[in-house]
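The structure appears below as structure tokens.
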Amino acid sequence: MTEVGVETGKRVVGSELARHDAIEKVQGRTSYAADHALPRMLHAMLKRSDYAHARLTRVDVAAAEAIEGVVRVFTAADIPQNTVWVDVPGQTLEVGALKARSNVLADEVVRYHGEPIALIAAESEDAALAALDAIVVDYEPLPVVDDPEHALDDDAQQLHESGNLLAHWELEEGDVEASLAGAAAVVEDEYRTQFIDHAYLEPEAGVAWRDTDGVITIRAATQVVEHFRDVARILELPDNKVRLITPYVGGGFGGKEDMTVEPYLGIVVALTGRPVRMIWSRQESLTARQNRHAVRMRYRTGADAEGQLVAMDVDILSDGGAYALLSALVLLYSTTCATGPYRCPNVKIRARTVYTNHTPCSAMRGFGGMQVALGYEGQMDRLARELGIDGLELRRRNFVQRGDTLPIGQPLETSVELPALVDAVGERAGEPPEPSGPRRAVGRGYACNLQPYGRCIWLNDWSSAWIGFELDGTLTIRIAVPDIGGGQASSLIQIASEVLGVAPERISIHIGDSALNPLTGTTTATRQLYMSGNAVLKAARELRESLAGVAAGLLEVDAERVEFGPGGVREQDGEREIPFEELLAAAASVNAPWHVLATHRAPKGVPWQADESWRGRVFPDLTYGCHAVDVEVDLDTGQVRVLRYVAGHDVGQAINPQSVEGQIEGAVAMGLGYALAERVVFEEGQNLTTTFAQYLIPTAVELPAIESIVLESGEGMGPFNARGIGEPPIGPPAPAVAAAIEDACGVALTALPFTPERVAAAVRREEDDDGAG
Amino acid sequence: MRISFTLNGAPQSLECPAHWTLLRMLRDVAGRTDAKHGCGEGVCGACAVLVDGVAMNSCSVLAPQVEGTGVETVAGLASGGELHPLQAEMVERGGVQCGFCTPGMVLSALEAVRVGAAGSDAEIRHSLAGNLCRCTGYGKIVAAVAAYRDGDPDGAAIASDPPGEHRAKGGEGAAPAPGVGIGP
């Protein structure tokens, strides 16, 4: 561990401070998006497509509008600007290659099951439900494209004018074919991952109203308050006439990164003048919200006799679903992370994402960087077997190090603690247990990974924060950060408390309001602690500097000798303490600033050019991890039980170790659901998993106690040298489980999820082969 | 129809359509939003409340079924300015992240401990199998329930309301609230 220089010796940062929001939440006091109501509000609902691909020959809302209590039913023609050109959301400049188009309401053609067709505004939920049934939609079914492999065929049905290729990234370094030809061992496999739903417990919801000066104000569950701009474009209003407020959000995981209810709420308010509420049902959420991309990956990897990688050839094909949303960016993460945390001199990567008539895919925790872990870790384990080298030893021989560059050109500027993580995780995991009975087999699997934190640097990311004292000595933070449950707000309180001494419970934080709080960017991309944390740190330090000067005068000491503590300021080791109230009065009397607005800017870089020779920095930095899992396989039923799980990550500096563990444990749980059970099932584009009784996320029974190892290298680009941790732990679970199953019973599974039927079938094949052999 | 019951000990007499669920009556008639609508089909447990001490998914109970009963929600647990000890353990041990599953989780756990169905970690996990959480991985929740069951002697009280020391003069009120530890 490296000690980091902090003015006050870290009294608050690094402690397991109880979260202020948890005290409210545990009493049911937090007002989530659906908990808010307004007098005379309307209730809005969406009529959604029954077909995955069809021409709309008739959308007749007359009968619905005639129902008592139905105020209006809107269709595409009613929307001021029905086409949404979605930049990667947030504080971006235009990035042509990443632009994506979708519709607010379907216009002429529906391209996925559940696509919104009409928007109902009614005096009651019951009237809105009646209107749903009364809207007449005639469909002319069109051929359904549901196989990404065939979406690019010449005779494939084209889903968009631009064709079915949504985006691609390609790069080649060195001579892959020659290197593979000369390698001591070459392994090759195809890996498949499935569609996944975010399955946050809080369904999409919000209310909206017209406020003073005609500002359309939307209070909704979102990860992105900057969507006020997108709503303004749809309504053809100036950006400053739409305001987005986000209360504490009941889980996001990327699923509330693209807009959900926001545009529909804005439309009803703009076109009726009435307040409105919209709450999606779980069925709507599971049917029509975007999924994690299903990906087919082909890997060929070669190594020399000592196990040094010589070449990797990676072909990635991802199913982007019906609209582009963030697919191009997701694919960029896959491309960047395709070779994993390993050095390889010769690399060829071809990554493509295509349109199909599946629910659009977009952001989800791990964002394209996690699917490829199944591929690169699967290759490492196979190579290890081919070469007769221990799997962890093979990894050690190939880990990237500080100073290395990933194939895309990403420099690795901070320490890479993978060897230490492998040691720590292996030591904690100890010996695997014995099987619980006959026809049961126990196995251990390891997996390592890397995952960027912070947004792609071409997006010119920045975060602002305002911090000010109140005259009674309490402190206020204003920052438009959406808190989606990870402790985004409480961590900022800890940072401010650390620098300014004020006790955490005397700090109030006002979050998630695009009009009244400084914008700080999206709660996505494992960027919020990194970015808004740096903004708060900067503001707090500037504020401290201003007040330290005033305090120095009062204490008659040098400003450097002024110490900020919970009660106020004092000279280092001194007796006399000046309470914050007195300090503030003194500051006000000499016009010394006692509130500060500060902006932190991420590193900038040269955007990707449409040129395969382009190489450069893509992300600010990365987080690394190593996980170990023990599983027991029932050789007859194929049931895989997770006995033990240890997850280690270098987080640079834990601002709140308990919140860090919470991120790791929650991501591992989600990763184990992905590995063993979860999948969104489509049949010719029809979603068949539209309830929680069909889409199964892990319960407390299926999961083991998950043990976290939080390594603090003291290196990272966040506040106090923290690294982001929200997404990174989602990568290793699937490949670790795959390795553990193979260790247990000798079957190599490459298609997720590893359900009992798949495992049992593979075990039977293996045993039949052995019998025959 | 009129439905009479007690809610967190207070008598209620509410006018509610007979086909509405208990959840809808609590949220839209009684204006109590501490029971959450997560799935509407009795799977996720976010809407769980106690009816005469038994945890039930309020989305799957019709409003008239609680006639004459005592209904408890998570908002009724804190007393005397302090969180209920189970609530305090949930906060202190990091069992709360996004918080949407928390009301139902706390009530299910309370029932499990009360009826003796939380004797081991495995029993706690079985008792909570009807309450989905997507944030925590459950480990910290299980630890909180176990600590509450054991009457954790280190479990400090946590104030249920924001500190009232805002107007305190001088350095008073700057000390951390009980249970809100600062520094390792």
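Residue names in the structure tokens use chain letters A, B, ... in the order shown, residue numbers from 1 in each chain, and ligand numbers from 1 in the order shown.
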
Which residues come within 8 Å of Gln27 of chain A, counting only C-alpha atoms, excluding same-chain residues fewer than 3 positions away, as a short mmCIF file (atom, residue, chain, number, x, y, z; two decimals) with N, CA and C atoms, in the first residue's frame?
```cif
data_model
loop_
_atom_site.label_atom_id
_atom_site.label_comp_id
_atom_site.auth_asym_id
_atom_site.auth_seq_id
_atom_site.Cartn_x
_atom_site.Cartn_y
_atom_site.Cartn_z
N ILE A 23 -30.09 5.38 5.99
CA ILE A 23 -30.94 5.63 7.18
C ILE A 23 -32.35 6.00 6.73
N GLU A 24 -32.47 6.74 5.64
CA GLU A 24 -33.78 7.09 5.11
C GLU A 24 -34.45 5.89 4.44
N THR A 30 -37.54 7.32 1.68
CA THR A 30 -37.01 7.86 0.42
C THR A 30 -38.13 7.95 -0.60
N ASP B 34 -44.16 3.50 1.49
CA ASP B 34 -43.01 2.71 1.94
C ASP B 34 -43.10 1.24 1.55
N VAL B 74 -42.69 -0.85 6.98
CA VAL B 74 -41.35 -0.56 7.51
C VAL B 74 -41.30 0.82 8.16
N ALA B 75 -42.20 1.71 7.76
CA ALA B 75 -42.20 3.06 8.33
C ALA B 75 -42.59 3.06 9.80
N GLY B 76 -43.20 1.95 10.26
CA GLY B 76 -43.65 1.91 11.64
C GLY B 76 -42.65 1.30 12.62
N LEU B 77 -41.48 0.94 12.14
CA LEU B 77 -40.56 0.18 13.00
C LEU B 77 -39.75 1.04 13.95
N ALA B 78 -39.29 2.19 13.49
CA ALA B 78 -38.44 3.01 14.35
C ALA B 78 -39.28 3.56 15.50
N LEU B 83 -33.69 3.99 15.16
CA LEU B 83 -34.06 2.90 14.26
C LEU B 83 -34.32 1.63 15.07
N GLN B 87 -33.12 -2.51 11.61
CA GLN B 87 -32.84 -1.42 10.68
C GLN B 87 -31.42 -0.90 10.90
N PRO B 103 -37.55 -2.21 2.25
CA PRO B 103 -38.72 -2.32 3.13
C PRO B 103 -39.24 -3.76 3.23
#
```

Contacts of segment 503-519 of chain A at 9 Å or less, counting only C-alpha atoms, minus same-chain residues fewer than 4 places along, as an mmCIF file with C-alpha atoms, in the first residue's frame?
```
data_model
loop_
_atom_site.group_PDB
_atom_site.id
_atom_site.type_symbol
_atom_site.label_atom_id
_atom_site.label_comp_id
_atom_site.auth_asym_id
_atom_site.auth_seq_id
_atom_site.Cartn_x
_atom_site.Cartn_y
_atom_site.Cartn_z
ATOM 1 C CA VAL A 12 -13.171 10.152 7.020
ATOM 2 C CA LEU A 17 -19.268 5.606 7.317
ATOM 3 C CA HIS A 20 -27.119 8.970 5.170
ATOM 4 C CA GLN A 91 -21.991 16.282 -21.827
ATOM 5 C CA ARG A 219 -38.744 14.051 -11.928
ATOM 6 C CA VAL A 224 -28.496 10.835 -16.800
ATOM 7 C CA VAL A 225 -29.930 14.235 -15.856
ATOM 8 C CA GLU A 226 -28.408 15.608 -19.064
ATOM 9 C CA PHE A 228 -33.108 17.287 -20.357
ATOM 10 C CA ASN A 240 -33.102 25.715 -20.880
ATOM 11 C CA VAL A 242 -36.592 21.547 -19.749
ATOM 12 C CA ARG A 243 -35.415 20.523 -16.306
ATOM 13 C CA LEU A 244 -34.720 16.990 -15.162
ATOM 14 C CA ILE A 245 -34.658 16.007 -11.510
ATOM 15 C CA THR A 246 -33.610 12.563 -10.426
ATOM 16 C CA PRO A 247 -34.505 11.347 -6.963
ATOM 17 C CA TYR A 248 -32.611 8.427 -5.427
ATOM 18 C CA TRP A 462 -16.207 17.013 -17.161
ATOM 19 C CA SER A 463 -17.833 17.281 -13.765
ATOM 20 C CA SER A 464 -18.735 20.309 -11.702
ATOM 21 C CA ALA A 465 -19.548 20.677 -8.032
ATOM 22 C CA TRP A 466 -20.510 23.544 -5.747
ATOM 23 C CA GLY A 473 -21.219 26.291 10.122
ATOM 24 C CA THR A 474 -22.969 23.464 8.291
ATOM 25 C CA LEU A 475 -21.896 22.621 4.774
ATOM 26 C CA THR A 476 -23.876 22.210 1.570
ATOM 27 C CA ILE A 477 -22.867 20.350 -1.587
ATOM 28 C CA ARG A 478 -24.764 20.991 -4.803
ATOM 29 C CA ILE A 479 -24.094 18.560 -7.609
ATOM 30 C CA ALA A 480 -26.441 17.065 -10.203
ATOM 31 C CA VAL A 481 -25.219 13.538 -9.592
ATOM 32 C CA PRO A 482 -27.827 10.780 -9.930
ATOM 33 C CA ASP A 483 -27.450 8.346 -7.023
ATOM 34 C CA ALA A 489 -23.866 10.921 -2.890
ATOM 35 C CA SER A 490 -22.538 9.649 0.428
ATOM 36 C CA LEU A 492 -18.994 12.838 -1.949
ATOM 37 C CA ILE A 493 -19.908 13.777 1.626
ATOM 38 C CA GLN A 494 -16.941 11.756 2.850
ATOM 39 C CA ALA A 496 -15.826 16.985 1.452
ATOM 40 C CA SER A 497 -15.662 16.063 5.129
ATOM 41 C CA GLU A 498 -12.125 14.808 4.706
ATOM 42 C CA GLY A 565 -11.589 19.556 12.219
ATOM 43 C CA PRO A 566 -15.162 18.654 13.072
ATOM 44 C CA GLY A 567 -15.591 21.617 15.402
ATOM 45 C CA LEU A 597 -17.830 26.116 -7.915
ATOM 46 C CA PRO B 162 -31.512 13.807 10.815
ATOM 47 C CA PRO B 163 -29.480 15.348 13.606
ATOM 48 C CA GLU B 165 -27.903 19.808 16.202
ATOM 49 C CA HIS B 166 -28.050 22.068 13.180
ATOM 50 C CA GLY B 173 -23.359 18.976 17.556
ATOM 51 C CA ALA B 174 -20.191 18.412 15.621
ATOM 52 C CA ALA B 175 -19.645 15.069 17.282
ATOM 53 C CA PRO B 176 -20.747 12.163 15.119
ATOM 54 C CA ALA B 177 -24.182 10.746 15.704
ATOM 55 C CA VAL B 180 -21.998 6.805 12.670
ATOM 56 C CA ILE B 182 -15.698 8.349 11.750
#
```

Quiz item: If you run DSSP on this backbone, which residues of segment 26-57 of chain B come out as helix (DSSP H, G or I), and could you give them as an NGL selection string?
Solution: :B and (26-29)

What would the file look like if the residues just selected were written as a PDB file, in the first residue's frame with C-alpha atoms?
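Result file selection.pdb:
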```pdb
ATOM      1  CA  LEU B  26     -51.688   1.556   0.882  1.00  0.00           C
ATOM      2  CA  ARG B  27     -50.059   3.638  -1.837  1.00  0.00           C
ATOM      3  CA  ASP B  28     -52.976   5.331  -3.571  1.00  0.00           C
ATOM      4  CA  VAL B  29     -55.602   5.598  -0.813  1.00  0.00           C
TER       5      VAL B  29
END
```

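Counting only C-alpha atoms, the residue from A:Gln653, A:Gln410, A:Gln401, A:Ser285 that sits nearest to chain B is A:Ser285.
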
Find the residues near Ala66 of chain A: any atom within 10 Å, counting only C-alpha atoms, skip ones fewer than 6 places away on the same chain, and give them as a compact mmCIF listing (two decimals) with C-alpha atoms, in the first residue's frame.
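Here's the written file selection_38.txt:
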```
# COMPACT_ATOMS: atom_id res chain seq x y z
CA ARG A 72 -55.45 12.41 -25.38
CA ALA A 131 -57.64 2.99 -23.75
CA ALA A 134 -59.35 0.30 -27.43
```

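Residue neighbourhood of Ile124 of chain B, excluding near-sequence residues (fewer than 5 positions): Ala117, Ala118 and Val142 of chain B, at 7 Å, using only C-alpha atoms.
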
Could you save those same residues with N, CA and C atoms as a short mmCIF file (atom, residue, chain, number, x, y, z; two decimals), in the first residue's frame?
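The file below, result_1.cif, is the result:
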```
data_model
loop_
_atom_site.label_atom_id
_atom_site.label_comp_id
_atom_site.auth_asym_id
_atom_site.auth_seq_id
_atom_site.Cartn_x
_atom_site.Cartn_y
_atom_site.Cartn_z
N ALA B 117 -37.03 -18.77 12.21
CA ALA B 117 -36.61 -19.32 10.92
C ALA B 117 -35.33 -18.64 10.43
N ALA B 118 -34.51 -18.22 11.38
CA ALA B 118 -33.26 -17.55 11.01
C ALA B 118 -32.12 -18.05 11.87
N VAL B 142 -27.70 -10.72 4.99
CA VAL B 142 -27.68 -11.90 5.85
C VAL B 142 -26.91 -11.60 7.13
#
```

Quiz item: Near Ala55 of chain B, within 8 Å and counting only C-alpha atoms, which residues show up once chain neighbours fewer than 6 positions away are dropped, as a list in words?
Solution: Ala48, Val49, Leu107, Ser108 and Glu111 of chain B

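Shortest separation to chain A among B:Pro153, B:Gly137, B:Gly130, B:Gly53 occurs at residue B:Gly137, atoms counted being only C-alpha atoms.
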
Exercise. Compile the contact shell of Thr21 of chain B as JSON, numbers by chain: residues with an atom at most 7 Å away, counting only C-alpha atoms, same-chain residues fewer than 4 positions apart removed.
Key: {"B": [25, 58, 59, 60, 61, 62, 63]}

Self-check item: chain A residues near chain B (7 Å cut-off, only C-alpha atoms) as an NGL selection string
Solution: :A and (11-12 or 15 or 17-18 or 22-23 or 25-29 or 35 or 200-203 or 249-251 or 282 or 472 or 484-486 or 503 or 505 or 566-567 or 579 or 658 or 662 or 665-666 or 669 or 692-693 or 699-701 or 705-706)

How would the residues just picked look written out with C-alpha atoms as a compact mmCIF listing (two decimals), in the first residue's frame?
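What follows is the written file selection.txt:
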```
# COMPACT_ATOMS: atom_id res chain seq x y z
CA ARG A 11 -10.06 10.67 9.09
CA VAL A 12 -13.17 10.15 7.02
CA SER A 15 -13.87 4.69 6.88
CA LEU A 17 -19.27 5.61 7.32
CA ALA A 18 -22.96 4.73 7.60
CA ALA A 22 -29.46 4.21 3.97
CA ILE A 23 -30.94 5.63 7.18
CA LYS A 25 -34.22 4.06 2.88
CA VAL A 26 -34.41 1.56 5.71
CA GLN A 27 -37.41 3.46 7.06
CA GLY A 28 -39.19 3.64 3.72
CA ARG A 29 -38.87 7.42 3.70
CA ASP A 35 -43.65 7.69 -4.94
CA TYR A 200 -33.32 -3.52 -11.08
CA LEU A 201 -36.05 -3.71 -8.46
CA GLU A 202 -37.46 -0.27 -9.28
CA PRO A 203 -39.38 -0.19 -12.54
CA VAL A 249 -32.91 5.68 -8.03
CA GLY A 250 -33.85 2.08 -7.25
CA GLY A 251 -31.05 0.54 -9.27
CA ARG A 282 -42.45 -5.08 -14.69
CA ASP A 472 -24.33 28.21 11.08
CA ILE A 484 -28.50 4.92 -8.26
CA GLY A 485 -27.72 3.05 -5.07
CA GLY A 486 -23.95 2.76 -5.12
CA ALA A 503 -18.59 16.17 10.37
CA GLU A 505 -23.85 14.57 9.46
CA PRO A 566 -15.16 18.65 13.07
CA GLY A 567 -15.59 21.62 15.40
CA PRO A 579 -15.85 27.36 15.42
CA GLN A 658 -18.12 -0.97 2.75
CA GLY A 662 -21.06 -3.64 -1.85
CA GLU A 665 -20.45 -8.38 -4.04
CA GLY A 666 -23.39 -7.05 -6.04
CA ALA A 669 -24.00 -11.80 -7.75
CA PHE A 692 -39.93 -12.24 -12.79
CA ALA A 693 -41.40 -15.73 -12.71
CA THR A 699 -32.05 -15.20 -4.75
CA ALA A 700 -30.23 -15.39 -1.43
CA VAL A 701 -30.45 -19.18 -1.62
CA ALA A 705 -21.22 -15.62 0.83
CA ILE A 706 -19.09 -13.53 -1.53
```

Exercise. Record the distance separating atom CA of His600 of chain A and atom CA of Asn534 of chain A, expressed in Å with one decimal.
Key: 6.2 Å

Quiz item: Within 9 Å of Val73 of chain A, counting only C-alpha atoms, which residues qualify if same-chain residues fewer than 3 places away don't, as a list in words?
Solution: Val61, Ala62, Ala64, Glu65, Val70, Ala118, Leu119, Ile120, Ala121, Ala122, Ala131 and Ile135 of chain A

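Of the listed residues (A:Arg455, A:Arg617, A:Arg723, A:Arg679), A:Arg723 comes nearest to Thr414 of chain A; the distances count only C-alpha atoms.
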
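Nearest-residue note for Phe469 of chain A: choosing from A:Leu529, A:Ala384, A:Leu583, A:Val557, the minimum distance belongs to A:Leu583, counting only C-alpha atoms.
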
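Across the structure, atom CA of Ala147 of chain B and atom CA of Ala112 of chain B are spaced 13.4 Å apart.
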
Practice problem: From segment 256-485 of chain A, collect each residue whose DSSP state is strand (DSSP E) and return the set as a VMD selection string. | Solution: chain A and resid 276 to 279 294 to 303 309 to 321 346 to 355 440 to 453 462 to 469 475 to 478
